[in-house]
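Undergrad: Below is final16.txt; it holds compact mmCIF, C-alpha atoms.
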# COMPACT_ATOMS: atom_id res chain seq x y z
CA MET A 1 28.72 108.58 147.95
CA PHE A 2 32.32 107.26 148.19
CA GLY A 3 33.98 109.59 150.67
CA GLY A 4 37.13 109.48 152.77
CA PHE A 5 35.99 106.38 154.66
CA PHE A 6 35.79 104.38 151.45
CA ALA A 7 39.22 105.69 150.36
CA VAL A 8 40.72 104.56 153.71
CA ALA A 9 39.15 101.11 153.26
CA VAL A 10 40.56 100.79 149.73
CA LEU A 11 44.01 101.86 150.93
CA ALA A 12 43.85 99.28 153.71
CA VAL A 13 42.96 96.54 151.22
CA VAL A 14 45.82 97.65 148.93
CA GLY A 15 48.11 97.48 151.99
CA LEU A 16 46.88 93.95 152.68
CA TYR A 17 47.59 92.89 149.08
CA VAL A 18 51.13 94.29 149.21
CA ARG A 19 51.84 92.67 152.58
CA ALA A 20 50.27 89.32 151.66
CA ILE A 21 51.99 89.07 148.27
CA TYR A 22 55.46 90.49 149.02
CA PHE A 23 56.06 90.45 152.77
CA THR A 24 54.43 87.26 154.04
CA PRO A 25 56.37 83.97 153.80
CA LEU A 26 55.08 80.99 151.84
CA GLU A 27 53.58 78.19 153.89
CA ALA A 28 55.79 75.08 153.70
CA LYS A 29 53.17 72.50 152.63
CA GLN A 30 50.57 74.51 150.70
CA GLY A 31 52.82 77.10 149.06
CA ALA A 32 51.19 80.16 147.49
CA ALA A 33 47.67 78.72 147.72
CA GLN A 34 47.75 79.29 151.48
CA LYS A 35 47.80 83.06 150.82
CA ILE A 36 44.15 82.74 149.75
CA TYR A 37 43.56 82.48 153.50
CA TYR A 38 44.22 86.23 153.88
CA ILE A 39 41.21 87.11 151.71
CA HIS A 40 39.02 84.02 152.23
CA VAL A 41 38.61 84.25 156.02
CA PRO A 42 38.35 88.08 156.13
CA SER A 43 35.63 87.84 153.43
CA ALA A 44 33.78 85.34 155.63
CA ILE A 45 34.08 87.63 158.65
CA GLY A 46 32.91 90.57 156.52
CA ALA A 47 29.89 88.49 155.43
CA TYR A 48 29.11 87.53 159.05
CA CYS A 49 29.37 91.20 160.05
CA ALA A 50 27.07 92.36 157.22
CA VAL A 51 24.48 89.63 157.88
CA SER A 52 24.58 90.40 161.63
CA ILE A 53 23.98 94.09 160.89
CA THR A 54 21.04 93.05 158.69
CA ALA A 55 19.60 90.99 161.54
CA LEU A 56 20.13 93.71 164.16
CA ALA A 57 18.63 96.40 161.91
CA SER A 58 15.72 94.03 161.21
CA ILE A 59 15.05 93.56 164.92
CA ILE A 60 15.11 97.35 165.35
CA TYR A 61 12.73 97.70 162.40
CA LEU A 62 10.31 95.12 163.84
CA TRP A 63 10.44 96.95 167.17
CA LEU A 64 10.35 100.63 166.12
CA ARG A 65 9.12 100.46 162.48
CA ASP A 66 11.87 102.91 161.57
CA VAL A 67 12.44 102.94 157.79
CA ARG A 68 16.11 103.80 158.33
CA ALA A 69 16.61 100.42 160.00
CA ASP A 70 14.91 98.68 157.07
CA ARG A 71 17.11 100.59 154.64
CA LEU A 72 20.24 99.61 156.60
CA ALA A 73 19.13 95.97 156.66
CA GLU A 74 18.73 95.96 152.87
CA ALA A 75 22.10 97.69 152.31
CA SER A 76 24.04 95.29 154.53
CA ALA A 77 22.28 92.23 153.08
CA GLU A 78 23.42 93.19 149.59
CA VAL A 79 26.99 93.74 150.81
CA GLY A 80 26.78 90.46 152.75
CA LEU A 81 25.86 88.67 149.54
CA VAL A 82 28.95 90.05 147.79
CA PHE A 83 31.24 88.98 150.66
CA MET A 84 29.60 85.55 150.89
CA THR A 85 30.01 85.13 147.12
CA MET A 86 33.73 85.80 147.52
CA VAL A 87 33.92 83.18 150.28
CA LEU A 88 32.27 80.64 147.97
CA ILE A 89 34.65 81.49 145.12
CA THR A 90 37.95 81.62 147.01
CA GLY A 91 37.17 78.52 149.11
CA PRO A 92 36.88 76.09 146.18
CA LEU A 93 39.90 77.67 144.45
CA TRP A 94 41.96 76.86 147.53
CA ALA A 95 40.32 73.48 148.15
CA HIS A 96 40.92 72.28 144.60
CA LYS A 97 44.69 72.50 145.12
CA ILE A 98 44.78 71.20 148.68
CA TRP A 99 41.96 68.62 148.80
CA ASN A 100 41.87 67.79 145.08
CA ALA A 101 38.16 68.64 145.16
CA TRP A 102 36.33 71.87 144.39
CA TRP A 103 33.55 71.10 146.85
CA VAL A 104 32.68 68.49 149.48
CA TRP A 105 28.93 68.22 149.92
CA TRP A 106 29.00 66.32 153.20
CA ASP A 107 31.11 68.99 154.91
CA LEU A 108 28.77 70.90 157.19
CA ARG A 109 30.60 74.22 157.06
CA LEU A 110 30.66 74.33 153.27
CA THR A 111 27.03 73.32 152.88
CA LEU A 112 25.78 75.70 155.59
CA SER A 113 27.77 78.55 154.00
CA LEU A 114 26.09 77.83 150.67
CA PHE A 115 22.76 77.72 152.47
CA LEU A 116 23.42 81.16 154.01
CA TRP A 117 24.19 82.47 150.50
CA PHE A 118 20.79 81.17 149.32
CA VAL A 119 19.06 82.75 152.33
CA ILE A 120 20.57 86.17 151.48
CA VAL A 121 19.54 85.76 147.84
CA GLY A 122 16.05 84.80 149.04
CA TYR A 123 15.95 87.86 151.29
CA LEU A 124 16.79 90.20 148.40
CA VAL A 125 14.37 88.45 146.02
CA LEU A 126 11.63 88.73 148.65
CA ARG A 127 12.30 92.46 149.00
CA GLY A 128 12.09 92.88 145.25
CA ALA A 129 8.83 90.95 145.05
CA ILE A 130 6.81 92.92 147.63
CA GLU A 131 5.85 96.46 146.66
CA GLU A 132 4.09 97.56 149.82
CA PRO A 133 6.93 98.99 152.03
CA ALA A 134 5.57 98.04 155.47
CA MET A 135 4.83 94.44 154.44
CA ARG A 136 8.19 94.19 152.65
CA GLY A 137 10.04 95.44 155.74
CA ARG A 138 8.19 93.11 158.09
CA TYR A 139 8.49 89.88 156.07
CA SER A 140 12.10 90.45 155.08
CA ALA A 141 13.06 91.37 158.67
CA VAL A 142 11.77 88.01 159.94
CA LEU A 143 13.72 86.16 157.25
CA ALA A 144 16.87 88.16 158.08
CA VAL A 145 16.71 87.30 161.78
CA LEU A 146 16.17 83.60 161.04
CA GLY A 147 18.93 83.59 158.40
CA ALA A 148 21.46 85.16 160.77
CA LEU A 149 20.97 82.23 163.15
CA LEU A 150 23.02 80.20 160.67
CA ILE A 151 26.19 82.15 161.51
CA PRO A 152 27.04 80.47 164.87
CA PHE A 153 26.21 77.07 163.31
CA ILE A 154 28.58 77.76 160.41
CA HIS A 155 31.39 78.85 162.75
CA LEU A 156 30.94 75.95 165.16
CA SER A 157 30.08 73.31 162.53
CA VAL A 158 33.68 72.02 162.45
CA TYR A 159 33.28 70.96 166.09
CA PHE A 160 29.96 69.17 165.55
CA SER A 161 31.46 66.31 163.59
CA THR A 162 34.91 64.77 163.26
CA ALA A 163 34.15 63.92 159.62
CA HIS A 164 34.89 67.23 157.94
CA MET A 165 37.33 68.53 155.35
CA HIS A 166 37.26 72.20 156.29
CA PRO A 167 40.07 72.94 158.78
CA ASP A 168 39.31 73.99 162.35
CA PRO A 169 39.75 77.69 163.19
CA ILE A 170 43.41 78.48 163.87
CA VAL A 171 42.96 82.07 165.05
CA LEU A 172 39.30 82.52 166.04
CA GLN A 173 39.39 79.82 168.71
CA PRO A 174 39.58 79.76 172.50
CA SER A 175 43.32 78.99 172.78
CA LYS A 176 46.33 80.92 171.44
CA PRO A 177 46.45 81.46 167.62
CA LYS A 178 48.44 78.74 165.84
CA LEU A 179 49.85 81.03 163.13
CA PRO A 180 53.46 82.31 163.00
CA SER A 181 53.61 86.02 163.92
CA GLU A 182 54.26 87.31 160.34
CA MET A 183 51.25 85.39 159.00
CA LEU A 184 49.13 86.41 161.98
CA MET A 185 49.87 90.10 161.35
CA THR A 186 48.84 89.75 157.70
CA PHE A 187 45.71 87.90 158.74
CA LEU A 188 44.78 90.61 161.27
CA LEU A 189 45.41 93.28 158.63
CA GLY A 190 43.10 91.28 156.34
CA ILE A 191 40.36 91.22 158.97
CA GLY A 192 40.71 94.96 159.64
CA SER A 193 40.82 96.01 156.00
CA PHE A 194 37.92 93.79 154.90
CA LEU A 195 35.79 94.95 157.83
CA LEU A 196 36.51 98.55 156.83
CA LEU A 197 35.62 97.73 153.22
CA CYS A 198 32.43 96.01 154.35
CA LEU A 199 31.32 99.02 156.45
CA ALA A 200 32.30 101.50 153.71
CA LEU A 201 30.26 99.57 151.11
CA ILE A 202 27.27 99.34 153.48
CA ARG A 203 27.49 103.11 154.06
CA SER A 204 27.58 103.83 150.31
CA ARG A 205 24.74 101.39 149.61
CA TYR A 206 22.70 102.97 152.43
CA GLN A 207 23.15 106.41 150.87
CA LEU A 208 21.92 104.99 147.57
CA GLY A 209 18.84 103.73 149.44
CA VAL A 210 18.24 107.22 150.89
CA MET A 211 18.32 108.74 147.40
CA ARG A 212 15.99 106.05 146.05
CA ASP A 213 13.48 106.69 148.83
CA GLU A 214 13.63 110.45 148.18
CA LEU A 215 12.98 109.83 144.49
CA ALA A 216 10.09 107.46 145.21
CA GLU A 217 8.57 110.03 147.60
CA LEU A 218 8.93 112.83 145.05
CA GLU A 219 7.45 110.73 142.25
CA ALA A 220 4.56 109.72 144.49
CA GLU A 221 3.89 113.39 145.30
CA ARG A 222 3.98 114.32 141.62
CA GLY A 223 1.71 111.39 140.83
CA LEU A 224 -0.87 112.87 143.21
CA MET B 1 55.87 71.38 146.58
CA ALA B 2 53.35 71.55 143.73
CA ASP B 3 52.92 74.84 141.87
CA THR B 4 50.08 76.60 143.66
CA TRP B 5 50.50 80.12 142.26
CA GLY B 6 47.58 79.71 139.82
CA PRO B 7 44.73 79.59 142.37
CA PHE B 8 46.45 82.28 144.45
CA HIS B 9 46.59 84.69 141.48
CA ALA B 10 43.03 83.77 140.46
CA ALA B 11 41.64 84.40 143.96
CA TYR B 12 43.34 87.79 144.36
CA ILE B 13 42.28 88.96 140.89
CA ILE B 14 38.70 87.75 141.34
CA ALA B 15 38.51 89.60 144.69
CA VAL B 16 39.46 92.87 142.96
CA VAL B 17 36.93 92.24 140.18
CA VAL B 18 34.07 91.29 142.54
CA TYR B 19 34.55 94.01 145.17
CA GLY B 20 35.55 96.67 142.62
CA GLY B 21 32.68 95.66 140.34
CA TYR B 22 30.19 95.89 143.18
CA ALA B 23 31.45 99.37 144.18
CA LEU B 24 31.09 100.37 140.53
CA THR B 25 27.46 99.17 140.44
CA ILE B 26 26.68 101.30 143.53
CA TRP B 27 28.28 104.30 141.85
CA ARG B 28 26.37 103.73 138.58
CA ARG B 29 23.02 103.19 140.32
CA ALA B 30 23.60 106.32 142.42
CA LYS B 31 24.41 108.30 139.28
CA THR B 32 21.16 107.19 137.62
CA VAL B 33 19.04 107.90 140.72
CA ARG B 34 20.70 111.31 141.21
CA ALA B 35 19.93 112.28 137.61
CA ARG B 36 16.30 111.18 137.99
CA LEU B 37 16.05 113.01 141.32
CA GLN B 38 17.36 116.24 139.81
CA SER B 39 15.03 115.95 136.86
CA ALA B 40 12.07 115.30 139.20
CA LEU B 41 13.07 118.28 141.37
CA ARG B 42 13.26 120.51 138.28
CA GLY B 43 9.86 119.24 137.20
CA SER B 44 8.29 119.89 140.59
CA SER B 45 9.73 123.42 140.83
CA SER B 46 8.40 124.47 137.39
CA PRO B 47 5.01 126.29 137.42
CA GLN B 48 1.94 124.03 137.16
CA ARG B 49 -0.42 124.60 134.24
Show how you would write the structure in this file as C-alpha cells.

TA:
Amino acid sequence: MFGGFFAVAVLAVVGLYVRAIYFTPLEAKQGAAQKIYYIHVPSAIGAYCAVSITALASIIYLWLRDVRADRLAEASAEVGLVFMTMVLITGPLWAHKIWNAWWVWWDLRLTLSLFLWFVIVGYLVLRGAIEEPAMRGRYSAVLAVLGALLIPFIHLSVYFSTAHMHPDPIVLQPSKPKLPSEMLMTFLLGIGSFLLLCLALIRSRYQLGVMRDELAELEAERGL
Amino acid sequence: MADTWGPFHAAYIIAVVVYGGYALTIWRRAKTVRARLQSALRGSSSPQR
C-alpha cells in the first residue's frame, strides 16, 4: 500500500520543512508568515495536478469504458480534495496577517478556488449516491471534465481584473521568477515534494480502490 | 515587523495533520478491506453444503 515511492515523497516533504524553516531567510515585510508560501502554492499545484488527472482519466473512461480509468479518476479526486482543502486553510491563515482579512469574497481567485473545492465534493458525493457502476462512472466523468475547466480560470483570474487582493504569480508567469535564489530553491523543492506526495497518495488510494473492487466482485459472486 | 510566527506554525502543523491524517485513513480503510477480502476468500474456498 505505502511502498518506497511514498517513503521518498515523505522524505522530500521532511526535507522541504527543514529547508523552509531553518535554511530559508525571512521575507523583509511579511516575516515568518511568508513561509506559508512554500506549502500553500505547492498544495495548489498538487490540487491542480490531481484534478487534471481526474479529468484525463474521466475522458479515457468516457472513451474506452475502462474501469481502471474510473478508479484512477476517483482516487485522484479524493487526493485533490485534500490538497484543495489545504490551500483553503493555509491561504486564509496567511491572508489574515497580511491583508487583515481571512477571506475576500470579491476576489476571483479565492472564490473560484472555493468553487472548485465544492465541485470536487460534489463529484465524490455523486459517486457515493449512484450504485450502478457504469452510470456512476459516466455521470461523474462528465462532472470531472467540466470541473477541471475551472483550473485555467483560477490561475489566470488575477489577470482578469485589477481589483484583486490575491497577488499575481511570481514564479509561474511568462517572465523571469521574481524570487531571490534561496527562496526560489525552497519553492521548487516544495513543488517537487508536494507533487511526489500527491502522486504517492493517488497511487495508494488507487490500490485501495482495486482491493474494494475485488471484494465487491467476490461478494457478488458469493451472493449468486 | 509584526510577529507573524503564529500563522506560520499553524499552517505547517495543520499540513502535517491533514496530509498525515489522510494517509492514515487510506491505511485504515485498506486494512479493513484486506481483512474482509481475506475472510471472503476463506469463505469461498471452504466446501459448500

Undergrad: Taking only C-alpha atoms into account, report as JSON, numbers by chain which residues of chain A lie within 10 Å of chain B.

TA: {"A": [1, 2, 6, 10, 13, 14, 17, 21, 28, 29, 30, 31, 32, 33, 34, 35, 36, 37, 38, 39, 40, 43, 78, 79, 82, 83, 85, 86, 87, 89, 90, 91, 92, 93, 94, 95, 96, 97, 98, 197, 198, 200, 201, 204, 205, 206, 207, 208, 209, 211, 212, 213, 214, 215, 216, 218, 219, 221, 222]}

Undergrad: Which residues, protein or nucleic acid, reach to within 12 Å of (8.5, 94.2, 165.1) in the file's coordinates when using all atoms listed in the file, and can you give that as a PyMOL selection string?

TA: chain A and resi 56-66+69-70+134-135+137-142+145

Undergrad: Out of A:Ala163, A:Ile202, A:Leu150, A:Val171, which residue has the shortest atom-to-atom distance to Leu188 in chain A when counting only C-alpha atoms?

TA: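 Closest candidate: A:Val171.
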
Undergrad: Which residue gives the smallest distance to Thr24 in chain A among A:Glu131, A:Glu217, A:Asp107, A:Glu182, with all atoms listed in the file counted?

TA: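 The closest residue to Thr24 in chain A is A:Glu182.
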
Undergrad: How many Å lie between CA of Pro167 in chain A and CA of Ala12 in chain A, rounded to one decimal?

TA: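 CA of Ala12 in chain A lies 27.1 Å from CA of Pro167 in chain A.
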
Undergrad: Can you tell me which residues surround Ile154 in chain A at a distance of at most 7 Å, considering all atoms listed in the file, apart from same-chain residues fewer than 6 positions away, and format the answer as number ranges by chain?

TA: A: 109, 112-113

Undergrad: Quick one: pull the distance between CA of Ile45 in chain A and CA of Ile191 in chain A, Å, one decimal.

TA: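 A separation of 7.2 Å between them.
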
Undergrad: For the atom pair CA of Thr162 in chain A and CA of Ala50 in chain A, what is the interatomic distance in Å to one decimal place?

TA: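 Value for the CA of Thr162 in chain A-CA of Ala50 in chain A distance: 29.3 Å.
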
Undergrad: Restricting the calculation to all atoms listed in the file, which member of A:Met183, A:Cys49, A:Arg203, A:Ala220 is positioned closest to Gly3 in chain A?

TA: A:Arg203

Undergrad: Fix up range 14-49 of chain B with N, CA and C atoms, then write it as a PDB file, in the coordinates of the input.

TA:
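Output saved as part.pdb:
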ATOM      1  N   ILE B  14      40.162  87.820 141.254  1.00  0.00           N
ATOM      2  CA  ILE B  14      38.700  87.750 141.340  1.00  0.00           C
ATOM      3  C   ILE B  14      38.184  88.666 142.470  1.00  0.00           C
ATOM      4  N   ALA B  15      38.924  88.729 143.576  1.00  0.00           N
ATOM      5  CA  ALA B  15      38.510  89.600 144.690  1.00  0.00           C
ATOM      6  C   ALA B  15      38.449  91.062 144.234  1.00  0.00           C
ATOM      7  N   VAL B  16      39.460  91.485 143.470  1.00  0.00           N
ATOM      8  CA  VAL B  16      39.460  92.870 142.960  1.00  0.00           C
ATOM      9  C   VAL B  16      38.273  93.090 142.039  1.00  0.00           C
ATOM     10  N   VAL B  17      38.034  92.110 141.155  1.00  0.00           N
ATOM     11  CA  VAL B  17      36.930  92.240 140.180  1.00  0.00           C
ATOM     12  C   VAL B  17      35.578  92.279 140.900  1.00  0.00           C
ATOM     13  N   VAL B  18      35.380  91.383 141.865  1.00  0.00           N
ATOM     14  CA  VAL B  18      34.070  91.290 142.540  1.00  0.00           C
ATOM     15  C   VAL B  18      33.809  92.527 143.405  1.00  0.00           C
ATOM     16  N   TYR B  19      34.768  92.860 144.277  1.00  0.00           N
ATOM     17  CA  TYR B  19      34.550  94.010 145.170  1.00  0.00           C
ATOM     18  C   TYR B  19      34.551  95.329 144.377  1.00  0.00           C
ATOM     19  N   GLY B  20      35.493  95.450 143.448  1.00  0.00           N
ATOM     20  CA  GLY B  20      35.550  96.670 142.620  1.00  0.00           C
ATOM     21  C   GLY B  20      34.309  96.783 141.757  1.00  0.00           C
ATOM     22  N   GLY B  21      33.887  95.665 141.186  1.00  0.00           N
ATOM     23  CA  GLY B  21      32.680  95.660 140.340  1.00  0.00           C
ATOM     24  C   GLY B  21      31.449  96.051 141.125  1.00  0.00           C
ATOM     25  N   TYR B  22      31.359  95.555 142.347  1.00  0.00           N
ATOM     26  CA  TYR B  22      30.190  95.890 143.180  1.00  0.00           C
ATOM     27  C   TYR B  22      30.186  97.390 143.513  1.00  0.00           C
ATOM     28  N   ALA B  23      31.369  97.930 143.881  1.00  0.00           N
ATOM     29  CA  ALA B  23      31.450  99.370 144.180  1.00  0.00           C
ATOM     30  C   ALA B  23      31.035 100.179 142.953  1.00  0.00           C
ATOM     31  N   LEU B  24      31.442  99.693 141.795  1.00  0.00           N
ATOM     32  CA  LEU B  24      31.090 100.370 140.530  1.00  0.00           C
ATOM     33  C   LEU B  24      29.572 100.354 140.295  1.00  0.00           C
ATOM     34  N   THR B  25      28.922  99.227 140.633  1.00  0.00           N
ATOM     35  CA  THR B  25      27.460  99.170 140.440  1.00  0.00           C
ATOM     36  C   THR B  25      26.755 100.162 141.378  1.00  0.00           C
ATOM     37  N   ILE B  26      27.276 100.315 142.603  1.00  0.00           N
ATOM     38  CA  ILE B  26      26.680 101.300 143.530  1.00  0.00           C
ATOM     39  C   ILE B  26      26.821 102.696 142.922  1.00  0.00           C
ATOM     40  N   TRP B  27      28.010 102.986 142.427  1.00  0.00           N
ATOM     41  CA  TRP B  27      28.280 104.300 141.850  1.00  0.00           C
ATOM     42  C   TRP B  27      27.366 104.567 140.651  1.00  0.00           C
ATOM     43  N   ARG B  28      27.212 103.564 139.781  1.00  0.00           N
ATOM     44  CA  ARG B  28      26.370 103.730 138.580  1.00  0.00           C
ATOM     45  C   ARG B  28      24.907 103.908 138.951  1.00  0.00           C
ATOM     46  N   ARG B  29      24.427 103.086 139.891  1.00  0.00           N
ATOM     47  CA  ARG B  29      23.020 103.190 140.320  1.00  0.00           C
ATOM     48  C   ARG B  29      22.778 104.551 140.962  1.00  0.00           C
ATOM     49  N   ALA B  30      23.752 105.019 141.762  1.00  0.00           N
ATOM     50  CA  ALA B  30      23.600 106.320 142.420  1.00  0.00           C
ATOM     51  C   ALA B  30      23.556 107.435 141.381  1.00  0.00           C
ATOM     52  N   LYS B  31      24.363 107.294 140.348  1.00  0.00           N
ATOM     53  CA  LYS B  31      24.410 108.300 139.280  1.00  0.00           C
ATOM     54  C   LYS B  31      23.053 108.396 138.587  1.00  0.00           C
ATOM     55  N   THR B  32      22.475 107.231 138.287  1.00  0.00           N
ATOM     56  CA  THR B  32      21.160 107.190 137.620  1.00  0.00           C
ATOM     57  C   THR B  32      20.088 107.796 138.522  1.00  0.00           C
ATOM     58  N   VAL B  33      20.071 107.402 139.793  1.00  0.00           N
ATOM     59  CA  VAL B  33      19.040 107.900 140.720  1.00  0.00           C
ATOM     60  C   VAL B  33      19.202 109.407 140.906  1.00  0.00           C
ATOM     61  N   ARG B  34      20.457 109.871 141.019  1.00  0.00           N
ATOM     62  CA  ARG B  34      20.700 111.310 141.210  1.00  0.00           C
ATOM     63  C   ARG B  34      20.184 112.106 140.019  1.00  0.00           C
ATOM     64  N   ALA B  35      20.415 111.587 138.820  1.00  0.00           N
ATOM     65  CA  ALA B  35      19.930 112.280 137.610  1.00  0.00           C
ATOM     66  C   ALA B  35      18.410 112.337 137.601  1.00  0.00           C
ATOM     67  N   ARG B  36      17.776 111.214 137.958  1.00  0.00           N
ATOM     68  CA  ARG B  36      16.300 111.180 137.990  1.00  0.00           C
ATOM     69  C   ARG B  36      15.750 112.104 139.071  1.00  0.00           C
ATOM     70  N   LEU B  37      16.461 112.149 140.202  1.00  0.00           N
ATOM     71  CA  LEU B  37      16.050 113.010 141.320  1.00  0.00           C
ATOM     72  C   LEU B  37      16.119 114.478 140.905  1.00  0.00           C
ATOM     73  N   GLN B  38      17.211 114.842 140.236  1.00  0.00           N
ATOM     74  CA  GLN B  38      17.360 116.240 139.810  1.00  0.00           C
ATOM     75  C   GLN B  38      16.308 116.616 138.779  1.00  0.00           C
ATOM     76  N   SER B  39      16.039 115.673 137.881  1.00  0.00           N
ATOM     77  CA  SER B  39      15.030 115.950 136.860  1.00  0.00           C
ATOM     78  C   SER B  39      13.643 116.065 137.502  1.00  0.00           C
ATOM     79  N   ALA B  40      13.365 115.228 138.501  1.00  0.00           N
ATOM     80  CA  ALA B  40      12.070 115.300 139.200  1.00  0.00           C
ATOM     81  C   ALA B  40      11.952 116.604 140.000  1.00  0.00           C
ATOM     82  N   LEU B  41      13.082 117.023 140.602  1.00  0.00           N
ATOM     83  CA  LEU B  41      13.070 118.280 141.370  1.00  0.00           C
ATOM     84  C   LEU B  41      12.839 119.476 140.454  1.00  0.00           C
ATOM     85  N   ARG B  42      13.474 119.422 139.265  1.00  0.00           N
ATOM     86  CA  ARG B  42      13.260 120.510 138.280  1.00  0.00           C
ATOM     87  C   ARG B  42      11.813 120.546 137.855  1.00  0.00           C
ATOM     88  N   GLY B  43      11.258 119.345 137.629  1.00  0.00           N
ATOM     89  CA  GLY B  43       9.860 119.240 137.200  1.00  0.00           C
ATOM     90  C   GLY B  43       8.904 119.759 138.248  1.00  0.00           C
ATOM     91  N   SER B  44       9.201 119.475 139.527  1.00  0.00           N
ATOM     92  CA  SER B  44       8.290 119.890 140.590  1.00  0.00           C
ATOM     93  C   SER B  44       8.398 121.383 140.885  1.00  0.00           C
ATOM     94  N   SER B  45       9.580 121.989 140.552  1.00  0.00           N
ATOM     95  CA  SER B  45       9.730 123.420 140.830  1.00  0.00           C
ATOM     96  C   SER B  45       9.180 124.291 139.709  1.00  0.00           C
ATOM     97  N   SER B  46       8.941 123.687 138.501  1.00  0.00           N
ATOM     98  CA  SER B  46       8.400 124.470 137.390  1.00  0.00           C
ATOM     99  C   SER B  46       6.915 124.760 137.636  1.00  0.00           C
ATOM    100  N   PRO B  47       6.396 125.929 137.141  1.00  0.00           N
ATOM    101  CA  PRO B  47       5.010 126.290 137.420  1.00  0.00           C
ATOM    102  C   PRO B  47       4.016 125.284 136.851  1.00  0.00           C
ATOM    103  N   GLN B  48       2.980 124.980 137.600  1.00  0.00           N
ATOM    104  CA  GLN B  48       1.940 124.030 137.160  1.00  0.00           C
ATOM    105  C   GLN B  48       0.979 124.719 136.206  1.00  0.00           C
ATOM    106  N   ARG B  49       0.567 124.023 135.153  1.00  0.00           N
ATOM    107  CA  ARG B  49      -0.420 124.600 134.240  1.00  0.00           C
ATOM    108  C   ARG B  49      -1.811 124.313 134.731  1.00  0.00           C
TER     109      ARG B  49
END
